[in-house]
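Asks: For reference, the file input.pdb (PDB, C-alpha atoms, pLDDT in the B column) is included below:
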```
ATOM      1  CA  VAL A   1     139.938 140.981 123.623  1.00 76.00           C
ATOM      2  CA  THR A   2     140.951 137.952 125.665  1.00 82.00           C
ATOM      3  CA  GLY A   3     137.637 136.302 124.792  1.00 84.00           C
ATOM      4  CA  LEU A   4     138.250 136.859 121.081  1.00 83.00           C
ATOM      5  CA  LEU A   5     141.738 135.400 121.324  1.00 82.00           C
ATOM      6  CA  ALA A   6     140.382 132.372 123.172  1.00 86.00           C
ATOM      7  CA  TRP A   7     137.635 131.977 120.554  1.00 84.00           C
ATOM      8  CA  GLU A   8     140.218 132.255 117.792  1.00 83.00           C
ATOM      9  CA  ALA A   9     142.227 129.366 119.247  1.00 83.00           C
ATOM     10  CA  LEU A  10     139.121 127.292 119.966  1.00 86.00           C
ATOM     11  CA  ASP A  11     137.784 127.897 116.458  1.00 83.00           C
ATOM     12  CA  ALA A  12     141.080 126.821 114.895  1.00 81.00           C
ATOM     13  CA  TRP A  13     141.231 123.628 116.943  1.00 84.00           C
ATOM     14  CA  LEU A  14     137.537 122.800 116.434  1.00 83.00           C
ATOM     15  CA  MET A  15     137.720 123.426 112.695  1.00 79.00           C
ATOM     16  CA  ALA A  16     140.881 121.348 112.423  1.00 79.00           C
ATOM     17  CA  ALA A  17     139.495 118.514 114.549  1.00 76.00           C
ATOM     18  CA  LEU A  18     135.943 118.379 113.196  1.00 76.00           C
ATOM     19  CA  VAL A  19     136.476 119.267 109.552  1.00 77.00           C
ATOM     20  CA  HIS A  20     140.083 118.482 108.700  1.00 75.00           C
ATOM     21  CA  ARG A  21     140.781 115.877 111.375  1.00 82.00           C
ATOM     22  CA  SER A  22     144.303 117.184 111.621  1.00 83.00           C
ATOM     23  CA  VAL A  23     146.286 118.284 114.654  1.00 85.00           C
ATOM     24  CA  GLU A  24     148.888 119.675 112.243  1.00 85.00           C
ATOM     25  CA  THR A  25     146.295 122.036 110.732  1.00 83.00           C
ATOM     26  CA  ALA A  26     145.284 123.215 114.212  1.00 86.00           C
ATOM     27  CA  GLU A  27     148.899 123.859 115.150  1.00 87.00           C
ATOM     28  CA  THR A  28     149.484 125.722 111.900  1.00 87.00           C
ATOM     29  CA  LEU A  29     146.443 127.931 112.401  1.00 88.00           C
ATOM     30  CA  THR A  30     147.565 128.652 115.965  1.00 89.00           C
ATOM     31  CA  PHE A  31     151.026 129.723 114.749  1.00 90.00           C
ATOM     32  CA  LEU A  32     149.454 131.878 112.030  1.00 90.00           C
ATOM     33  CA  ASP A  33     147.327 133.581 114.658  1.00 92.00           C
ATOM     34  CA  LEU A  34     150.297 134.171 116.970  1.00 92.00           C
ATOM     35  CA  GLU A  35     152.397 135.497 114.101  1.00 93.00           C
ATOM     36  CA  THR A  36     149.664 137.951 113.180  1.00 95.00           C
ATOM     37  CA  HIS A  37     149.201 139.213 116.738  1.00 95.00           C
ATOM     38  CA  PHE A  38     152.960 139.736 117.103  1.00 96.00           C
ATOM     39  CA  VAL A  39     152.905 141.945 113.998  1.00 96.00           C
ATOM     40  CA  VAL A  40     149.896 143.898 115.313  1.00 97.00           C
ATOM     41  CA  ALA A  41     151.544 144.343 118.724  1.00 96.00           C
ATOM     42  CA  GLY A  42     154.753 145.582 117.135  1.00 96.00           C
ATOM     43  CA  LEU A  43     152.970 148.103 114.929  1.00 97.00           C
ATOM     44  CA  GLN A  44     150.743 149.313 117.760  1.00 96.00           C
ATOM     45  CA  ASN A  45     153.595 149.745 120.245  1.00 94.00           C
ATOM     46  CA  TRP A  46     155.712 151.545 117.657  1.00 96.00           C
ATOM     47  CA  ALA A  47     152.862 153.927 116.794  1.00 95.00           C
ATOM     48  CA  ALA A  48     152.036 154.574 120.464  1.00 92.00           C
ATOM     49  CA  VAL A  49     155.618 155.479 121.327  1.00 91.00           C
ATOM     50  CA  ILE A  50     156.227 157.587 118.215  1.00 93.00           C
ATOM     51  CA  GLY A  51     152.813 159.288 118.366  1.00 90.00           C
ATOM     52  CA  SER A  52     152.680 159.837 122.148  1.00 89.00           C
ATOM     53  CA  ARG A  53     149.098 161.043 121.824  1.00 93.00           C
ATOM     54  CA  GLU A  54     147.332 161.897 125.066  1.00 91.00           C
ATOM     55  CA  ARG A  55     144.296 159.795 125.935  1.00 91.00           C
ATOM     56  CA  PRO A  56     140.908 161.535 126.251  1.00 91.00           C
ATOM     57  CA  PHE A  57     140.891 161.206 130.063  1.00 87.00           C
ATOM     58  CA  GLY A  58     144.099 163.269 130.156  1.00 85.00           C
ATOM     59  CA  ALA A  59     142.046 166.450 130.303  1.00 81.00           C
ATOM     60  CA  THR A  60     140.755 165.411 133.749  1.00 81.00           C
ATOM     61  CA  CYS A  61     144.180 164.694 135.231  1.00 80.00           C
ATOM     62  CA  GLY A  62     145.190 168.081 136.645  1.00 65.00           C
ATOM     63  CA  PRO A  63     147.792 168.347 139.411  1.00 61.00           C
ATOM     64  CA  ILE A  64     146.115 165.840 141.745  1.00 55.00           C
ATOM     65  CA  GLY A  65     145.037 163.343 139.135  1.00 46.00           C
ATOM     66  CA  MET A  66     141.285 163.007 138.797  1.00 53.00           C
ATOM     67  CA  ALA A  67     141.255 159.976 136.462  1.00 49.00           C
ATOM     68  CA  THR A  68     140.352 156.547 137.778  1.00 55.00           C
ATOM     69  CA  THR A  69     143.831 155.811 139.150  1.00 61.00           C
ATOM     70  CA  PRO A  70     146.889 158.000 139.738  1.00 62.00           C
ATOM     71  CA  ASP A  71     148.968 155.664 137.580  1.00 68.00           C
ATOM     72  CA  GLN A  72     146.897 156.634 134.559  1.00 75.00           C
ATOM     73  CA  CYS A  73     147.758 160.315 134.990  1.00 80.00           C
ATOM     74  CA  ASN A  74     151.368 160.043 136.066  1.00 78.00           C
ATOM     75  CA  GLY A  75     152.829 157.349 133.826  1.00 77.00           C
ATOM     76  CA  ASP A  76     153.453 156.823 130.131  1.00 83.00           C
ATOM     77  CA  PHE A  77     150.040 155.148 129.860  1.00 85.00           C
ATOM     78  CA  ARG A  78     148.415 158.578 129.570  1.00 87.00           C
ATOM     79  CA  TYR A  79     150.280 159.204 126.293  1.00 89.00           C
ATOM     80  CA  ARG A  80     149.674 155.892 124.520  1.00 89.00           C
ATOM     81  CA  SER A  81     146.357 156.625 122.829  1.00 90.00           C
ATOM     82  CA  PHE A  82     147.244 156.242 119.144  1.00 93.00           C
ATOM     83  CA  PHE A  83     146.257 153.709 117.985  1.00 92.00           C
ATOM     84  CA  SER A  84     144.007 151.434 120.036  1.00 95.00           C
ATOM     85  CA  GLY A  85     145.742 148.161 120.862  1.00 95.00           C
ATOM     86  CA  HIS A  86     142.572 146.480 122.124  1.00 95.00           C
ATOM     87  CA  THR A  87     140.730 147.402 118.935  1.00 97.00           C
ATOM     88  CA  SER A  88     143.570 146.410 116.619  1.00 97.00           C
ATOM     89  CA  HIS A  89     143.917 142.987 118.262  1.00 96.00           C
ATOM     90  CA  ALA A  90     140.143 142.484 118.261  1.00 96.00           C
ATOM     91  CA  PHE A  91     139.897 143.250 114.541  1.00 97.00           C
ATOM     92  CA  ALA A  92     142.970 141.137 113.810  1.00 97.00           C
ATOM     93  CA  ALA A  93     141.274 138.208 115.569  1.00 95.00           C
ATOM     94  CA  ALA A  94     138.088 138.811 113.576  1.00 95.00           C
ATOM     95  CA  ALA A  95     140.009 139.076 110.294  1.00 96.00           C
ATOM     96  CA  LEU A  96     141.905 135.879 111.085  1.00 94.00           C
ATOM     97  CA  THR A  97     138.663 134.040 111.778  1.00 91.00           C
ATOM     98  CA  CYS A  98     137.157 135.339 108.533  1.00 91.00           C
ATOM     99  CA  THR A  99     140.299 134.528 106.541  1.00 91.00           C
ATOM    100  CA  HIS A 100     140.591 130.987 107.899  1.00 88.00           C
ATOM    101  CA  HIS A 101     136.936 130.324 107.165  1.00 85.00           C
ATOM    102  CA  GLN A 102     137.304 131.782 103.680  1.00 86.00           C
ATOM    103  CA  PHE A 103     140.323 129.738 102.638  1.00 83.00           C
ATOM    104  CA  LEU A 104     139.786 126.495 104.517  1.00 80.00           C
ATOM    105  CA  PRO A 105     136.624 124.503 103.884  1.00 72.00           C
ATOM    106  CA  GLY A 106     134.202 124.685 106.789  1.00 69.00           C
ATOM    107  CA  LEU A 107     131.174 122.706 107.776  1.00 62.00           C
ATOM    108  CA  GLY A 108     129.156 124.111 104.882  1.00 67.00           C
ATOM    109  CA  GLY A 109     125.725 125.688 104.753  1.00 69.00           C
ATOM    110  CA  ARG A 110     124.422 128.814 106.411  1.00 73.00           C
ATOM    111  CA  ALA A 111     126.609 128.468 109.499  1.00 72.00           C
ATOM    112  CA  ASP A 112     129.867 129.133 107.635  1.00 75.00           C
ATOM    113  CA  PRO A 113     129.796 132.962 107.790  1.00 84.00           C
ATOM    114  CA  MET A 114     128.573 133.054 111.408  1.00 87.00           C
ATOM    115  CA  PRO A 115     131.998 132.947 113.154  1.00 88.00           C
ATOM    116  CA  CYS A 116     133.198 135.767 110.908  1.00 91.00           C
ATOM    117  CA  LEU A 117     130.147 137.943 111.533  1.00 93.00           C
ATOM    118  CA  ALA A 118     130.163 137.253 115.271  1.00 93.00           C
ATOM    119  CA  THR A 119     133.828 138.135 115.723  1.00 94.00           C
ATOM    120  CA  LEU A 120     133.440 141.310 113.649  1.00 96.00           C
ATOM    121  CA  GLY A 121     130.546 142.320 115.917  1.00 96.00           C
ATOM    122  CA  VAL A 122     132.598 141.697 119.052  1.00 95.00           C
ATOM    123  CA  ALA A 123     135.538 143.622 117.572  1.00 97.00           C
ATOM    124  CA  ALA A 124     133.328 146.613 116.733  1.00 97.00           C
ATOM    125  CA  THR A 125     131.865 146.512 120.253  1.00 97.00           C
ATOM    126  CA  THR A 126     135.386 146.471 121.696  1.00 96.00           C
ATOM    127  CA  GLY A 127     136.288 149.621 119.776  1.00 97.00           C
ATOM    128  CA  PHE A 128     133.086 151.369 120.803  1.00 97.00           C
ATOM    129  CA  LEU A 129     133.669 150.505 124.461  1.00 96.00           C
ATOM    130  CA  ARG A 130     137.233 151.874 124.318  1.00 95.00           C
ATOM    131  CA  ILE A 131     135.770 155.225 123.265  1.00 95.00           C
ATOM    132  CA  LEU A 132     133.085 155.083 125.963  1.00 95.00           C
ATOM    133  CA  ALA A 133     135.714 154.279 128.605  1.00 91.00           C
ATOM    134  CA  ASP A 134     137.538 157.494 127.647  1.00 90.00           C
ATOM    135  CA  MET A 135     140.650 155.515 126.728  1.00 92.00           C
ATOM    136  CA  HIS A 136     140.779 156.394 123.020  1.00 94.00           C
ATOM    137  CA  TRP A 137     139.628 158.959 120.528  1.00 95.00           C
ATOM    138  CA  ALA A 138     137.430 157.747 117.661  1.00 97.00           C
ATOM    139  CA  SER A 139     140.376 158.146 115.262  1.00 96.00           C
ATOM    140  CA  ASP A 140     142.483 155.845 117.492  1.00 97.00           C
ATOM    141  CA  VAL A 141     139.781 153.184 117.320  1.00 97.00           C
ATOM    142  CA  LEU A 142     139.195 153.539 113.574  1.00 98.00           C
ATOM    143  CA  THR A 143     142.931 153.324 112.882  1.00 97.00           C
ATOM    144  CA  GLY A 144     143.203 150.282 115.155  1.00 97.00           C
ATOM    145  CA  ALA A 145     140.310 148.647 113.305  1.00 98.00           C
ATOM    146  CA  VAL A 146     141.908 149.264 109.902  1.00 98.00           C
ATOM    147  CA  VAL A 147     145.401 148.147 110.961  1.00 98.00           C
ATOM    148  CA  GLY A 148     144.104 145.060 112.777  1.00 97.00           C
ATOM    149  CA  SER A 149     141.883 144.062 109.865  1.00 97.00           C
ATOM    150  CA  LEU A 150     144.624 144.542 107.284  1.00 98.00           C
ATOM    151  CA  VAL A 151     147.253 142.654 109.258  1.00 97.00           C
ATOM    152  CA  GLY A 152     144.734 139.956 110.211  1.00 96.00           C
ATOM    153  CA  PHE A 153     144.018 139.317 106.559  1.00 96.00           C
ATOM    154  CA  LEU A 154     147.346 140.079 104.882  1.00 96.00           C
ATOM    155  CA  VAL A 155     149.723 138.111 107.128  1.00 95.00           C
ATOM    156  CA  PRO A 156     148.010 134.745 106.654  1.00 93.00           C
ATOM    157  CA  TYR A 157     147.070 135.480 103.055  1.00 93.00           C
ATOM    158  CA  LEU A 158     150.403 136.768 101.751  1.00 91.00           C
ATOM    159  CA  PHE A 159     152.622 134.370 103.647  1.00 85.00           C
ATOM    160  CA  HIS A 160     150.476 131.252 103.575  1.00 86.00           C
ATOM    161  CA  TYR A 161     147.197 131.125 101.674  1.00 87.00           C
ATOM    162  CA  ALA A 162     148.391 132.938  98.532  1.00 85.00           C
ATOM    163  CA  ARG A 163     150.685 130.025  97.726  1.00 78.00           C
ATOM    164  CA  GLY A 164     147.657 128.182  96.348  1.00 66.00           C
ATOM    165  CA  GLU A 165     147.847 125.221  98.661  1.00 54.00           C
ATOM    166  CA  ASP A 166     144.954 122.800  98.699  1.00 52.00           C
ATOM    167  CA  GLU A 167     143.348 121.262 101.775  1.00 47.00           C
ATOM    168  CA  ALA A 168     145.790 118.351 101.892  1.00 47.00           C
ATOM    169  CA  THR A 169     148.693 120.755 102.170  1.00 48.00           C
ATOM    170  CA  ALA A 170     147.119 123.385 104.408  1.00 49.00           C
ATOM    171  CA  PRO A 171     149.316 126.337 105.356  1.00 49.00           C
ATOM    172  CA  HIS A 172     152.505 125.331 107.131  1.00 53.00           C
ATOM    173  CA  VAL A 173     154.590 127.314 109.569  1.00 52.00           C
ATOM    174  CA  ALA A 174     158.191 126.362 110.219  1.00 52.00           C
ATOM    175  CA  LEU A 175     160.076 127.483 113.292  1.00 51.00           C
ATOM    176  CA  VAL A 176     163.378 126.839 111.557  1.00 53.00           C
ATOM    177  CA  PRO A 177     164.414 127.419 107.920  1.00 51.00           C
TER     178      PRO A 177
END
```
Can you dump the structure from the file as structure tokens?
Replies:
Amino acid sequence: VTGLLAWEALDAWLMAALVHRSVETAETLTFLDLETHFVVAGLQNWAAVIGSRERPFGATCGPIGMATTPDQCNGDFRYRSFFSGHTSHAFAAAALTCTHHQFLPGLGGRADPMPCLATLGVAATTGFLRILADMHWASDVLTGAVVGSLVGFLVPYLFHYARGEDEATAPHVALVP
């Protein structure tokens, strides 16, 4: 997930520098990305606390704790399965990349959809690996993918791109009213 977040920032700054030649656009995209990940984190933490679903490795815990570390069996971590935070952030990053490339002109040609497709592939791999690592059930990962994708598209679209701004007035984020 850290790699996707780093790519997301790099992509925003490269697109802004190479295509738009605007530090302001890069800053705006960075704030959009942060805003989106804060929403995803809030939703995921809320769902994990309310749901308190046991992770798949919980069945191996027993009295001694047979999972990889005792902390996994004895703490709250064991009951934070629903929904997958790694997967939701990975799909939010992919959706942000796709949304930015959809609404802001890119370099053109066949390369335009590549960042979107690549990040979606990495996000799907992240979800699959969370299941293989016995950290989440498939339903946790699928829910994380849906929530991350929706938030990753809707936050920038509804609050910024839907206003019909053109390239000269790319989305703006204000820290004060």
Asks: Which is closer to Val141 (chain A) than all the others in A:His89, A:Phe153, A:Phe103, A:Asp112, using all atoms listed in the file?
Replies: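 Closest to Val141 (chain A), using all atoms listed in the file: A:His89.
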Asks: So which residues fall inside 7 Å of (150.4, 164.5, 133.5) if we count only C-alpha atoms? Mind giving them as a count of residues only?
Replies: 3
Asks: Once the PyMOL selection byres ((chain A and resi 7-20) around 10) is applied to the coordinates I shared, what remains selected? I want it as a PyMOL selection string.
Replies: chain A and resi 1-6+21-31+33-34+93-94+96-97+100-101+104-108+115+119+167-168+170
Asks: Point out the residue among A:His136, A:Val146, A:Thr99, A:His37 with the least atom-to-atom distance to Leu158 (chain A), counting all atoms listed in the file.
Replies: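 Among the listed residues, A:Thr99 lies closest to Leu158 (chain A).
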Asks: Quick check on the file I pasted: which residues fall under the PyMOL selection byres ((chain A and resi 157) around 12)? Write them as a VMD selection string.
Replies: chain A and resid 32 to 33 36 95 to 96 98 to 100 102 to 104 150 to 156 158 to 165 171
Asks: Grab the CA of Phe83 (chain A) to CA of Ile131 (chain A) distance for me, in Å with one decimal place.
Replies: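 CA of Ile131 (chain A) lies at a distance of 11.8 Å from CA of Phe83 (chain A).
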Asks: To one decimal in Å, tell me the separation between CA of Leu120 (chain A) and CA of Gly42 (chain A).
Replies: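 CA of Gly42 (chain A) lies at a distance of 22.0 Å from CA of Leu120 (chain A).
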Asks: Edge lengths and centre in Å to one decimal, as JSON, is what I'm after for the box along x, y and z that holds all listed atoms of region 120-134 of chain A once 4 Å is added on each side.
Replies:
```
{"center_x": 134.0, "center_y": 149.4, "center_z": 121.1, "size_x": 15.0, "size_y": 24.2, "size_z": 23.0}
```
Asks: A:Gly58, A:Gly127, A:Gly144, A:Gly121: which is nearest Asp76 (chain A), counting all atoms listed in the file?
Replies: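 Checking each of A:Gly58, A:Gly127, A:Gly144, A:Gly121 against Asp76 (chain A), counting all atoms listed in the file, the winner is A:Gly58.
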Asks: Apply the PyMOL selection byres ((chain A and resi 140) around 12) to the structure shown and report the selected residues as a ChimeraX atom specification.
Replies: /A:44,47-48,51-56,80-88,127-128,130-131,134-139,141-148
Asks: Rounded to one decimal, what separation in Å do you get between CA of Val122 (chain A) and CA of Gly75 (chain A)?
Replies: 29.5 Å
Asks: Generate the missing atoms of region 110-140 of chain A up to N, CA and C atoms and report them as an mmCIF file, keeping the file's coordinate frame.
Replies:
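What landed in rebuild14.cif:
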```
data_model
loop_
_atom_site.group_PDB
_atom_site.id
_atom_site.type_symbol
_atom_site.label_atom_id
_atom_site.label_comp_id
_atom_site.auth_asym_id
_atom_site.auth_seq_id
_atom_site.Cartn_x
_atom_site.Cartn_y
_atom_site.Cartn_z
ATOM 1 N N ARG A 110 124.622 127.453 105.923
ATOM 2 C CA ARG A 110 124.422 128.814 106.411
ATOM 3 C C ARG A 110 125.304 129.172 107.594
ATOM 4 N N ALA A 111 125.811 128.192 108.299
ATOM 5 C CA ALA A 111 126.609 128.468 109.499
ATOM 6 C C ALA A 111 128.013 128.960 109.173
ATOM 7 N N ASP A 112 128.490 128.763 107.968
ATOM 8 C CA ASP A 112 129.867 129.133 107.635
ATOM 9 C C ASP A 112 130.224 130.600 107.913
ATOM 10 N N PRO A 113 129.399 131.570 107.529
ATOM 11 C CA PRO A 113 129.796 132.962 107.790
ATOM 12 C C PRO A 113 129.570 133.417 109.238
ATOM 13 N N MET A 114 128.917 132.624 110.043
ATOM 14 C CA MET A 114 128.573 133.054 111.408
ATOM 15 C C MET A 114 129.782 133.384 112.281
ATOM 16 N N PRO A 115 130.847 132.565 112.320
ATOM 17 C CA PRO A 115 131.998 132.947 113.154
ATOM 18 C C PRO A 115 132.607 134.274 112.725
ATOM 19 N N CYS A 116 132.651 134.512 111.424
ATOM 20 C CA CYS A 116 133.198 135.767 110.908
ATOM 21 C C CYS A 116 132.341 136.944 111.360
ATOM 22 N N LEU A 117 131.046 136.848 111.153
ATOM 23 C CA LEU A 117 130.147 137.943 111.533
ATOM 24 C C LEU A 117 130.144 138.182 113.039
ATOM 25 N N ALA A 118 130.168 137.118 113.816
ATOM 26 C CA ALA A 118 130.163 137.253 115.271
ATOM 27 C C ALA A 118 131.431 137.941 115.770
ATOM 28 N N THR A 119 132.577 137.530 115.256
ATOM 29 C CA THR A 119 133.828 138.135 115.723
ATOM 30 C C THR A 119 133.948 139.588 115.269
ATOM 31 N N LEU A 120 133.439 139.907 114.084
ATOM 32 C CA LEU A 120 133.440 141.310 113.649
ATOM 33 C C LEU A 120 132.553 142.158 114.559
ATOM 34 N N GLY A 121 131.424 141.606 114.985
ATOM 35 C CA GLY A 121 130.546 142.320 115.917
ATOM 36 C C GLY A 121 131.204 142.557 117.258
ATOM 37 N N VAL A 122 131.893 141.551 117.768
ATOM 38 C CA VAL A 122 132.598 141.697 119.052
ATOM 39 C C VAL A 122 133.733 142.706 118.914
ATOM 40 N N ALA A 123 134.442 142.676 117.793
ATOM 41 C CA ALA A 123 135.538 143.622 117.572
ATOM 42 C C ALA A 123 135.014 145.057 117.517
ATOM 43 N N ALA A 124 133.913 145.273 116.819
ATOM 44 C CA ALA A 124 133.328 146.613 116.733
ATOM 45 C C ALA A 124 132.869 147.081 118.117
ATOM 46 N N THR A 125 132.297 146.182 118.895
ATOM 47 C CA THR A 125 131.865 146.512 120.253
ATOM 48 C C THR A 125 133.070 146.881 121.117
ATOM 49 N N THR A 126 134.160 146.168 120.951
ATOM 50 C CA THR A 126 135.386 146.471 121.696
ATOM 51 C C THR A 126 135.837 147.896 121.410
ATOM 52 N N GLY A 127 135.880 148.266 120.148
ATOM 53 C CA GLY A 127 136.288 149.621 119.776
ATOM 54 C C GLY A 127 135.363 150.671 120.361
ATOM 55 N N PHE A 128 134.078 150.438 120.269
ATOM 56 C CA PHE A 128 133.086 151.369 120.803
ATOM 57 C C PHE A 128 133.261 151.543 122.315
ATOM 58 N N LEU A 129 133.496 150.444 123.014
ATOM 59 C CA LEU A 129 133.669 150.505 124.461
ATOM 60 C C LEU A 129 134.960 151.223 124.856
ATOM 61 N N ARG A 130 135.992 151.150 124.028
ATOM 62 C CA ARG A 130 137.233 151.874 124.318
ATOM 63 C C ARG A 130 136.997 153.384 124.258
ATOM 64 N N ILE A 131 136.121 153.803 123.338
ATOM 65 C CA ILE A 131 135.770 155.225 123.265
ATOM 66 C C ILE A 131 134.932 155.614 124.481
ATOM 67 N N LEU A 132 133.947 154.789 124.808
ATOM 68 C CA LEU A 132 133.085 155.083 125.963
ATOM 69 C C LEU A 132 133.869 155.124 127.273
ATOM 70 N N ALA A 133 134.907 154.320 127.382
ATOM 71 C CA ALA A 133 135.714 154.279 128.605
ATOM 72 C C ALA A 133 136.690 155.449 128.691
ATOM 73 N N ASP A 134 136.670 156.322 127.689
ATOM 74 C CA ASP A 134 137.538 157.494 127.647
ATOM 75 C C ASP A 134 139.019 157.124 127.518
ATOM 76 N N MET A 135 139.275 155.966 126.925
ATOM 77 C CA MET A 135 140.650 155.515 126.728
ATOM 78 C C MET A 135 141.207 155.895 125.363
ATOM 79 N N HIS A 136 140.328 156.094 124.380
ATOM 80 C CA HIS A 136 140.779 156.394 123.020
ATOM 81 C C HIS A 136 139.837 157.367 122.337
ATOM 82 N N TRP A 137 140.405 158.115 121.420
ATOM 83 C CA TRP A 137 139.628 158.959 120.528
ATOM 84 C C TRP A 137 139.067 158.063 119.423
ATOM 85 N N ALA A 138 138.034 158.528 118.751
ATOM 86 C CA ALA A 138 137.430 157.747 117.661
ATOM 87 C C ALA A 138 138.464 157.441 116.578
ATOM 88 N N SER A 139 139.353 158.386 116.290
ATOM 89 C CA SER A 139 140.376 158.146 115.262
ATOM 90 C C SER A 139 141.357 157.051 115.686
ATOM 91 N N ASP A 140 141.618 156.923 116.987
ATOM 92 C CA ASP A 140 142.483 155.845 117.492
ATOM 93 C C ASP A 140 141.830 154.492 117.229
#
```
